[in-house]
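K.L.:
Just so it is clear, I am handing over data.txt, which has compact mmCIF, C-alpha atoms and all ligand atoms.
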# COMPACT_ATOMS: atom_id res chain seq x y z
CA MET A 1 -22.12 12.72 4.96
CA PRO A 2 -20.50 9.31 5.14
CA ASP A 3 -21.87 6.78 7.59
CA ARG A 4 -18.49 5.91 9.06
CA HIS A 5 -19.88 5.62 12.57
CA ALA A 6 -22.50 2.93 11.86
CA LEU A 7 -21.37 -0.59 12.85
CA LEU A 8 -22.35 -1.96 9.45
CA SER A 9 -21.83 1.16 7.40
CA ALA A 10 -22.55 1.36 3.69
CA SER A 11 -19.13 2.92 3.10
CA GLY A 12 -17.48 -0.07 4.81
CA ALA A 13 -19.79 -2.65 3.23
CA ARG A 14 -17.20 -4.03 0.84
CA ARG A 15 -15.02 -4.85 3.85
CA TRP A 16 -17.61 -6.37 6.17
CA LEU A 17 -19.26 -8.32 3.36
CA GLU A 18 -15.91 -9.94 2.55
CA CYS A 19 -14.68 -10.19 6.15
CA PRO A 20 -17.71 -10.17 8.52
CA PRO A 21 -15.84 -10.24 11.88
CA SER A 22 -13.95 -7.05 10.97
CA ALA A 23 -16.99 -4.88 11.76
CA ALA A 24 -17.26 -5.74 15.46
CA LEU A 25 -13.49 -5.66 15.95
CA GLU A 26 -13.19 -2.25 14.29
CA ALA A 27 -15.96 -0.86 16.48
CA ARG A 28 -13.75 -1.42 19.54
CA LEU A 29 -10.99 0.79 18.16
CA PRO A 30 -11.00 4.59 18.47
CA GLU A 31 -12.21 6.76 15.61
CA SER A 32 -9.46 8.39 13.65
CA SER A 33 -9.45 11.23 11.19
CA SER A 34 -7.11 12.23 8.41
CA ALA A 35 -6.39 15.26 6.28
CA ALA A 36 -8.03 13.52 3.32
CA ALA A 37 -11.20 12.86 5.36
CA GLU A 38 -11.38 16.49 6.49
CA GLN A 39 -10.88 17.70 2.95
CA GLY A 40 -13.62 15.34 1.75
CA THR A 41 -16.00 16.64 4.42
CA ALA A 42 -15.35 20.23 3.33
CA ALA A 43 -15.89 19.34 -0.34
CA HIS A 44 -19.18 17.59 0.44
CA ALA A 45 -20.45 20.52 2.47
CA LEU A 46 -19.58 22.97 -0.31
CA ALA A 47 -21.07 20.73 -3.02
CA GLU A 48 -24.26 20.31 -1.00
CA TRP A 49 -24.61 24.06 -0.54
CA LYS A 50 -24.06 24.75 -4.25
CA LEU A 51 -26.44 22.03 -5.34
CA ARG A 52 -29.21 23.18 -3.01
CA ARG A 53 -28.75 26.72 -4.27
CA ALA A 54 -28.91 25.56 -7.91
CA LEU A 55 -32.07 23.60 -7.16
CA HIS A 56 -33.62 26.56 -5.27
CA GLN A 57 -33.93 24.42 -2.18
CA ALA A 58 -34.09 25.95 1.30
CA PRO A 59 -31.24 28.48 1.53
CA THR A 60 -28.35 27.61 3.79
CA ILE A 61 -25.22 29.53 4.69
CA LYS A 62 -22.18 28.90 2.52
CA PRO A 63 -19.89 26.64 4.50
CA VAL A 64 -16.50 28.02 5.42
CA SER A 65 -13.40 25.87 5.66
CA ASP A 66 -9.65 26.29 5.36
CA TRP A 67 -9.76 23.36 2.94
CA VAL A 68 -11.74 25.30 0.34
CA ASP A 69 -9.47 26.41 -2.49
CA GLU A 70 -9.81 27.28 -6.18
CA GLU A 71 -9.66 23.65 -7.16
CA MET A 72 -12.43 22.67 -4.75
CA GLU A 73 -14.58 25.60 -5.90
CA SER A 74 -14.11 24.60 -9.51
CA LEU A 75 -14.62 20.84 -9.01
CA THR A 76 -17.76 21.30 -6.92
CA ASP A 77 -19.11 23.62 -9.66
CA ASP A 78 -18.47 20.79 -12.14
CA TYR A 79 -20.26 18.34 -9.83
CA VAL A 80 -23.33 20.57 -9.67
CA ALA A 81 -23.29 20.95 -13.48
CA PHE A 82 -23.14 17.15 -13.79
CA VAL A 83 -26.10 16.66 -11.46
CA LEU A 84 -28.13 19.30 -13.31
CA GLU A 85 -27.35 17.54 -16.60
CA GLN A 86 -28.61 14.25 -15.13
CA LEU A 87 -31.70 16.06 -13.97
CA ARG A 88 -32.33 17.47 -17.46
CA GLU A 89 -32.09 13.95 -18.85
CA ALA A 90 -34.41 12.67 -16.14
CA ARG A 91 -36.95 15.37 -16.99
CA ALA A 92 -36.90 14.27 -20.60
CA ALA A 93 -38.03 10.81 -19.48
CA CYS A 94 -40.32 11.76 -16.60
CA THR A 95 -42.12 15.07 -16.12
CA ASP A 96 -41.68 15.41 -12.39
CA PRO A 97 -38.50 13.80 -11.06
CA LYS A 98 -37.84 14.09 -7.35
CA VAL A 99 -34.38 15.32 -6.35
CA LEU A 100 -33.05 14.74 -2.87
CA VAL A 101 -29.80 16.20 -1.61
CA GLU A 102 -27.88 14.64 1.30
CA GLN A 103 -30.74 12.23 1.77
CA ARG A 104 -30.67 9.80 4.68
CA LEU A 105 -31.25 6.35 3.21
CA ASP A 106 -32.41 3.69 5.61
CA PHE A 107 -31.63 0.13 4.57
CA SER A 108 -32.22 -1.42 7.99
CA HIS A 109 -34.67 -3.89 6.40
CA VAL A 110 -31.54 -5.56 4.97
CA VAL A 111 -28.74 -4.63 7.39
CA PRO A 112 -29.37 -4.23 11.15
CA SER A 113 -29.47 -0.46 11.91
CA GLY A 114 -28.18 0.18 8.39
CA PHE A 115 -28.37 3.69 7.02
CA GLY A 116 -26.32 6.01 4.88
CA THR A 117 -26.51 9.40 3.20
CA GLY A 118 -26.95 9.75 -0.54
CA ASP A 119 -25.24 12.88 -1.89
CA CYS A 120 -27.89 13.15 -4.57
CA VAL A 121 -30.86 10.92 -5.33
CA ILE A 122 -32.97 11.50 -8.45
CA ILE A 123 -36.19 9.54 -8.49
CA THR A 124 -37.90 9.00 -11.80
CA GLU A 125 -39.91 6.22 -13.37
CA PRO A 126 -38.62 3.69 -14.18
CA VAL A 127 -35.05 4.60 -13.07
CA LEU A 128 -33.74 5.63 -9.69
CA HIS A 129 -30.42 7.47 -9.89
CA ILE A 130 -27.96 7.70 -7.00
CA ILE A 131 -24.94 9.99 -7.38
CA ASP A 132 -22.07 9.77 -4.95
CA LEU A 133 -19.36 12.43 -4.86
CA LYS A 134 -15.91 11.09 -3.99
CA TYR A 135 -13.41 13.87 -3.44
CA GLY A 136 -10.50 11.54 -2.65
CA GLN A 137 -7.98 10.73 -5.32
CA GLY A 138 -5.96 7.94 -3.73
CA VAL A 139 -8.04 5.07 -5.04
CA MET A 140 -10.11 5.07 -8.21
CA VAL A 141 -13.65 3.97 -7.28
CA ASP A 142 -15.83 1.99 -9.67
CA ALA A 143 -19.64 2.07 -9.62
CA GLU A 144 -20.02 -1.49 -10.91
CA ASN A 145 -21.10 -3.87 -8.14
CA ASN A 146 -20.26 -1.16 -5.60
CA PRO A 147 -21.90 -2.36 -2.35
CA GLN A 148 -22.10 1.14 -0.86
CA LEU A 149 -24.16 2.44 -3.77
CA MET A 150 -26.21 -0.77 -3.97
CA LEU A 151 -27.16 -0.37 -0.31
CA TYR A 152 -28.07 3.27 -0.92
CA ALA A 153 -30.24 2.14 -3.81
CA LEU A 154 -31.95 -0.43 -1.55
CA GLY A 155 -32.57 2.33 1.00
CA ALA A 156 -34.09 4.61 -1.63
CA LEU A 157 -36.24 1.79 -3.00
CA ASN A 158 -37.45 1.04 0.51
CA ALA A 159 -38.53 4.67 0.94
CA PHE A 160 -39.90 5.42 -2.52
CA GLY A 161 -40.49 2.07 -4.22
CA LEU A 162 -44.18 2.02 -3.30
CA LEU A 163 -44.79 5.55 -4.58
CA TYR A 164 -42.89 5.22 -7.85
CA ASP A 165 -42.77 2.51 -10.46
CA ILE A 166 -39.03 1.80 -10.41
CA ASP A 167 -37.46 -1.07 -12.38
CA GLU A 168 -33.84 -0.14 -12.34
CA ALA A 169 -31.20 1.78 -10.40
CA ALA A 170 -28.40 3.79 -12.01
CA VAL A 171 -25.58 4.38 -9.57
CA THR A 172 -22.83 6.89 -10.26
CA ILE A 173 -19.46 7.58 -8.70
CA TYR A 174 -18.42 11.17 -9.42
CA GLN A 175 -14.70 11.38 -8.59
CA PRO A 176 -13.44 14.62 -10.10
CA ARG A 177 -9.83 14.53 -8.94
CA ARG A 178 -9.38 11.26 -10.81
CA ALA A 179 -11.45 12.48 -13.80
CA ASN A 180 -13.61 9.45 -13.06
CA ILE A 181 -17.35 9.34 -13.68
CA SER A 182 -18.52 5.77 -13.43
CA THR A 183 -22.18 4.76 -13.81
CA TRP A 184 -23.62 1.27 -13.51
CA HIS A 185 -27.18 0.10 -14.11
CA VAL A 186 -28.71 -2.71 -12.11
CA SER A 187 -32.27 -4.03 -12.13
CA VAL A 188 -34.37 -3.91 -8.99
CA THR A 189 -34.79 -7.70 -9.24
CA GLU A 190 -30.99 -8.19 -9.14
CA LEU A 191 -30.62 -5.74 -6.27
CA GLU A 192 -33.25 -7.48 -4.20
CA ALA A 193 -31.75 -10.91 -4.90
CA TRP A 194 -28.32 -9.63 -3.78
CA ALA A 195 -29.89 -8.17 -0.63
CA ALA A 196 -31.64 -11.45 0.27
CA GLU A 197 -28.94 -13.92 -0.71
CA VAL A 198 -25.72 -12.07 0.14
CA VAL A 199 -26.26 -9.03 2.33
CA LYS A 200 -28.83 -10.20 4.86
CA PRO A 201 -27.09 -13.42 5.95
CA THR A 202 -23.66 -11.76 6.01
CA ALA A 203 -24.94 -8.75 7.95
CA ILE A 204 -26.34 -11.05 10.64
CA LEU A 205 -22.92 -12.68 11.02
CA ALA A 206 -21.12 -9.33 10.98
CA ALA A 207 -23.44 -7.74 13.54
CA SER A 208 -22.69 -10.51 16.01
CA GLY A 209 -18.95 -10.61 15.27
CA ASP A 210 -19.17 -14.02 13.61
CA GLY A 211 -18.08 -15.32 10.23
CA GLU A 212 -14.72 -16.02 8.65
CA PHE A 213 -11.85 -13.55 8.40
CA ALA A 214 -10.80 -12.99 4.82
CA SER A 215 -8.05 -10.70 3.64
CA GLY A 216 -7.90 -8.86 0.35
CA GLU A 217 -7.67 -5.38 -1.08
CA TRP A 218 -10.55 -4.32 1.22
CA CYS A 219 -8.14 -4.61 4.18
CA ARG A 220 -6.62 -1.28 3.10
CA PHE A 221 -9.31 0.70 4.92
CA CYS A 222 -9.68 -1.59 7.93
CA LYS A 223 -8.57 -0.21 11.29
CA LEU A 224 -7.03 -3.59 12.09
CA ALA A 225 -4.97 -3.58 8.91
CA PRO A 226 -1.49 -3.25 10.46
CA THR A 227 -2.02 -5.81 13.23
CA CYS A 228 -4.51 -8.29 11.75
CA ARG A 229 -3.24 -11.86 11.95
CA THR A 230 -5.25 -13.11 8.97
CA ARG A 231 -3.84 -10.38 6.75
CA ALA A 232 -0.31 -11.00 8.01
CA GLU A 233 -0.61 -14.76 7.46
CA ALA A 234 -1.97 -14.25 3.95
CA ASN A 235 0.89 -11.92 3.06
CA LEU A 236 3.57 -14.03 4.69
CA ALA A 237 2.20 -17.02 2.79
CA ILE A 238 2.78 -15.08 -0.42
CA ALA A 239 6.32 -14.31 0.68
CA ARG A 240 6.90 -17.98 1.56
CA HIS A 241 5.51 -19.18 -1.76
CA GLU A 242 7.50 -22.21 -2.75
CA PHE A 243 8.58 -22.27 -6.32
CA ALA A 244 9.51 -25.51 -8.02
CA PRO A 245 12.94 -26.00 -9.60
CA PRO A 246 14.69 -25.01 -11.91
CA ALA A 247 16.84 -22.28 -10.40
CA GLU A 248 15.19 -19.34 -12.16
CA LEU A 249 11.54 -18.34 -11.99
CA THR A 250 9.41 -19.01 -15.06
CA ASP A 251 7.42 -16.20 -16.73
CA ASP A 252 4.22 -17.58 -15.16
CA GLU A 253 5.79 -17.52 -11.70
CA ILE A 254 6.94 -13.94 -12.14
CA ALA A 255 3.39 -13.02 -13.22
CA THR A 256 2.11 -14.70 -10.02
CA VAL A 257 4.48 -12.58 -7.91
CA LEU A 258 3.49 -9.38 -9.78
CA ALA A 259 -0.19 -10.04 -9.08
CA GLN A 260 0.49 -10.32 -5.34
CA LEU A 261 2.87 -7.39 -4.99
CA PRO A 262 0.36 -4.53 -4.46
CA GLN A 263 -1.16 -6.29 -1.43
CA LEU A 264 2.20 -7.31 -0.08
CA LYS A 265 3.58 -3.76 -0.41
CA ALA A 266 0.46 -2.22 1.16
CA TRP A 267 0.65 -4.59 4.12
CA ALA A 268 4.38 -3.99 4.63
CA ALA A 269 3.84 -0.21 4.50
CA ASP A 270 0.95 -0.42 7.01
CA VAL A 271 2.98 -2.48 9.48
CA GLU A 272 5.98 -0.16 9.13
CA ALA A 273 3.88 2.99 9.62
CA TYR A 274 2.11 1.47 12.64
CA ALA A 275 5.37 0.43 14.32
CA LEU A 276 7.01 3.79 13.63
CA SER A 277 4.03 5.71 14.93
CA LEU A 278 4.05 3.77 18.22
CA ALA A 279 7.81 4.23 18.59
CA VAL A 280 7.66 7.98 17.94
CA ASN A 281 4.44 8.83 19.74
CA GLN A 282 4.44 6.37 22.62
CA GLY A 283 8.09 5.50 23.06
CA LYS A 284 7.44 1.87 22.17
CA ARG A 285 10.60 -0.24 21.90
CA TRP A 286 10.57 -2.95 19.23
CA SER A 287 12.98 -5.77 19.90
CA GLY A 288 16.01 -5.45 17.63
CA PHE A 289 15.13 -1.94 16.41
CA LYS A 290 15.97 1.62 17.44
CA LEU A 291 14.78 5.05 16.39
CA VAL A 292 17.27 7.20 14.52
CA ALA A 293 17.08 10.57 12.77
CA GLY A 294 16.49 10.12 9.05
CA ARG A 295 18.61 11.74 6.36
CA SER A 296 18.00 15.42 5.85
CA ILE A 297 19.27 18.06 3.45
CA ARG A 298 20.81 21.45 4.26
CA LYS A 299 18.58 24.50 4.04
CA TYR A 300 18.79 28.22 4.82
CA SER A 301 17.51 29.17 8.25
CA ASP A 302 16.37 32.63 7.03
CA GLU A 303 16.31 33.46 3.29
CA SER A 304 16.13 37.23 3.68
CA ALA A 305 19.10 37.18 6.08
CA VAL A 306 21.01 35.13 3.47
CA ALA A 307 20.20 37.73 0.77
CA LYS A 308 21.33 40.59 3.01
CA ALA A 309 24.56 38.85 4.01
CA ALA A 310 25.38 37.90 0.41
CA GLU A 311 24.69 41.39 -0.89
CA ALA A 312 26.75 42.92 1.91
CA GLY A 313 29.56 40.67 0.75
CA GLY A 314 29.22 41.99 -2.80
CA VAL A 315 27.45 38.90 -4.18
CA SER A 316 24.30 39.91 -5.98
CA ASP A 317 23.68 36.98 -8.36
CA ILE A 318 21.90 34.82 -5.84
CA TRP A 319 18.35 34.56 -7.18
CA ASP A 320 16.79 31.86 -9.35
CA ARG A 321 13.72 33.06 -11.26
CA LYS A 322 11.37 30.16 -11.87
CA ILE A 323 7.91 29.99 -13.43
CA LYS A 324 5.14 28.79 -11.13
CA THR A 325 3.99 25.18 -11.49
CA ILE A 326 0.90 24.33 -13.56
CA THR A 327 -1.03 23.46 -10.41
CA ALA A 328 -0.10 26.73 -8.70
CA LEU A 329 -0.99 28.84 -11.75
CA GLU A 330 -4.22 26.92 -12.31
CA LYS A 331 -5.16 27.62 -8.71
CA GLN A 332 -4.23 31.27 -9.08
CA LEU A 333 -6.12 31.85 -12.33
CA GLY A 334 -8.95 29.33 -12.00
CA LYS A 335 -9.37 26.41 -14.43
CA LYS A 336 -11.31 28.36 -17.07
CA ARG A 337 -8.97 31.34 -17.34
CA PHE A 338 -5.93 29.08 -17.17
CA THR A 339 -7.23 27.00 -20.10
CA GLU A 340 -8.09 30.09 -22.16
CA LEU A 341 -4.76 31.72 -21.57
CA LEU A 342 -2.29 28.87 -21.35
CA GLY A 343 -4.12 25.68 -22.32
CA ASP A 344 -2.37 25.43 -25.70
CA LEU A 345 1.02 25.65 -24.04
CA VAL A 346 0.49 22.71 -21.72
CA VAL A 347 1.71 19.33 -22.90
CA LYS A 348 1.51 16.00 -21.15
CA PRO A 349 4.57 13.85 -21.80
CA ALA A 350 4.04 10.09 -21.83
CA GLY A 351 4.22 8.70 -18.29
CA LYS A 352 6.84 6.23 -17.16
CA PRO A 353 5.68 2.71 -18.17
CA ALA A 354 4.07 0.74 -15.35
CA LEU A 355 2.97 -2.88 -15.18
CA VAL A 356 -0.66 -3.12 -14.06
CA PRO A 357 -3.25 -5.94 -14.12
CA GLU A 358 -5.17 -6.53 -17.39
CA SER A 359 -8.32 -5.28 -15.61
CA ASP A 360 -6.86 -1.73 -15.36
CA LYS A 361 -8.87 0.66 -17.54
CA ARG A 362 -5.91 2.46 -19.11
CA PRO A 363 -5.12 1.42 -22.69
CA ALA A 364 -2.12 -0.88 -23.10
CA LEU A 365 1.09 0.64 -24.48
CA GLU A 366 2.35 -0.79 -27.75
CA ILE A 367 6.07 -1.28 -27.23
CA GLN A 368 8.27 -2.29 -30.12
CA SER A 369 10.38 -5.25 -29.14
CA ALA A 370 14.10 -4.63 -28.77
CA ALA A 371 14.70 -7.14 -31.56
CA ASN A 372 12.58 -5.09 -34.00
CA GLU A 373 13.83 -1.77 -32.77
CA PHE A 374 17.43 -2.66 -33.36
CA THR A 375 17.11 -4.70 -36.51
CA PRO A 376 20.28 -3.81 -38.38
CA ILE A 377 19.90 -2.07 -41.74
CA SER A 378 21.44 -3.94 -44.65
CA THR A 379 24.55 -2.26 -46.03
CA LYS A 380 24.52 -4.14 -49.33
S1 LIG B 401 -7.43 -6.50 8.07
FE1 LIG B 401 -8.56 -7.56 6.50
S2 LIG B 401 -8.68 -9.68 7.21
FE2 LIG B 401 -8.12 -8.42 8.97
S3 LIG B 401 -10.05 -7.93 9.98
FE3 LIG B 401 -9.59 -6.23 8.57
S4 LIG B 401 -10.66 -6.78 6.68
FE4 LIG B 401 -10.53 -8.65 7.91
Now that the file is in, can you turn its structure into structure tokens?
P.N.:
Amino acid sequence: MPDRHALLSASGARRWLECPPSAALEARLPESSSAAAEQGTAAHALAEWKLRRALHQAPTIKPVSDWVDEEMESLTDDYVAFVLEQLREARAACTDPKVLVEQRLDFSHVVPSGFGTGDCVIITEPVLHIIDLKYGQGVMVDAENNPQLMLYALGALNAFGLLYDIDEAAVTIYQPRRANISTWHVSVTELEAWAAEVVKPTAILAASGDGEFASGEWCRFCKLAPTCRTRAEANLAIARHEFAPPAELTDDEIATVLAQLPQLKAWAADVEAYALSLAVNQGKRWSGFKLVAGRSIRKYSDESAVAKAAEAGGVSDIWDRKIKTITALEKQLGKKRFTELLGDLVVKPAGKPALVPESDKRPALEIQSAANEFTPISTK
């Protein structure tokens, strides 16, 4: 399972590598959990059990959790099928690959007390493969230059590098709820150079609470995120950005604002949620603000009582008959049966256009310009 509790965890490596003092400051704050984290834990436990069973490893008892549903059953089956496919490919290249499930990976030779848990590690010659299951769907995770997976690879190399002739690591993020399978190859030489030149010196700073604060998209998962001064100053600096005359912003200036908006919005939302939570849960008073009841909509207090009362009054046409949603029916029937039965009747309309950075992996929409679209037709 994730190494959230380690001071310099692999899962938090992106954050403490960019902002070393965050590690020690976070460690002083209480642990928190979330529905998404609990769901992820349940998915990992189920995936582990299924994978061990498929690999004929020591039998364990099937984990039970209220979070397990049809979707989780189906997606963890897909995960196991993916791992077995990787294993088949590994066997084609190396007769006796070693497969480790939920393997503790110790990278303390690079990061003080550093360790993590690899969901699946396949050791072959000359490639070491690390597969990490991400059940969350909030943020798409990329394998390329992913410090968590690079640290796992360093841990695996430390344990098995002397026994196997490994030149390269393949690291995979398997994120089924985003239909994202991302694999990146990195040579052992590059990994070791990164460990020596970047990780080791930064880890020493982070372990002692030293180094420079730096804000960026990694702040999103930092416990200090709502109250951090560096993050606030960076975002307020964006808001205070001084634009040169003339009166209207140029296209370049609007593009500058667009690039900063996601961080600015995330910060504003974090601060708002933090302040609201303290006001609601601890009675905190914020100068100039008060708590009020939000808008709500009317609803029936008891639907069956409504039906009885309406029918008693001679009104029988009170029911709406609606087909279940795709998600509900897919859960009810299971993915396979749903696709067989109804797959041809499901369409996916084009989504609402969104402006995203060029680096986004979705293909760009080709929009006809208004000038072309409305070119008048000659009446001659
Ligand atoms: S919020 Fe961002 S800048 Fe502040 S400590 Fe956390 S990672 Fe560093």
K.L.:
Identify, counting all atoms listed in the file, the protein, DNA and RNA residues located within 8 Å of ligand LIG 401 (chain B), and give them as a PyMOL selection string.
P.N.:
chain A and resi 15-16+18-23+25-26+213-231
K.L.:
For A:Glu102, which residue among A:Leu51, A:Asp210, A:Asp320, A:Glu70 is the nearest when counting all atoms listed in the file?
P.N.:
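Closest residue, counting all atoms listed in the file: A:Leu51.
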K.L.:
For stretch 76-90 of chain A, work out the shell of residues within 10 Å, counting all atoms listed in the file and skipping chain neighbours fewer than 3 positions away, then give it as a count of residues only.
P.N.:
40
K.L.:
Expressed in Å to a single decimal, how great is the separation between atom CA of A:Leu291 and atom CA of A:Ala269?
P.N.:
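Pair atom CA of A:Leu291 / atom CA of A:Ala269 returns 17.0 Å.
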K.L.:
Leaving out A:Val280 and any residue of its chain fewer than 5 positions from it, which residues lie within 12 Å of it when counting all atoms listed in the file, given as an MDAnalysis selection string?
P.N.:
chainID A and resid 273:275 285:286 290:293
K.L.:
Nearest to A:Arg14 among A:Val141, A:Leu29, A:Ala364, A:Leu333, with distances taken over all atoms listed in the file: which residue is it?
P.N.:
A:Val141
K.L.:
One decimal, Å: what's the distance from atom CA of A:Thr41 over to atom CA of A:Lys134, could you say?
P.N.:
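For atom CA of A:Thr41 relative to atom CA of A:Lys134, the distance reads 10.1 Å.
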K.L.:
For the atom pair atom CA of A:Pro262 and atom CA of A:Pro363, what is the interatomic distance in Å to one decimal place?
P.N.:
19.9 Å
K.L.:
Counting all atoms listed in the file, which of A:Leu17, A:Ala305, A:Ala24, A:Ile61 gets nearest to A:Asn146?
P.N.:
A:Leu17
K.L.:
Return the single residue from A:Pro201, A:Gly40, A:Gly211, A:Gly12 that is closest to A:Gly136, with distances computed using only C-alpha atoms.
P.N.:
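Going through A:Pro201, A:Gly40, A:Gly211, A:Gly12 one by one, the smallest distance to A:Gly136 is for A:Gly40.
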K.L.:
Considering all atoms listed in the file, state which residue in the set A:Val271, A:Ala27, A:Leu249, A:Leu261 is at the smallest distance from A:Pro357.
P.N.:
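Of the candidates, the smallest distance to A:Pro357 is held by A:Leu261.
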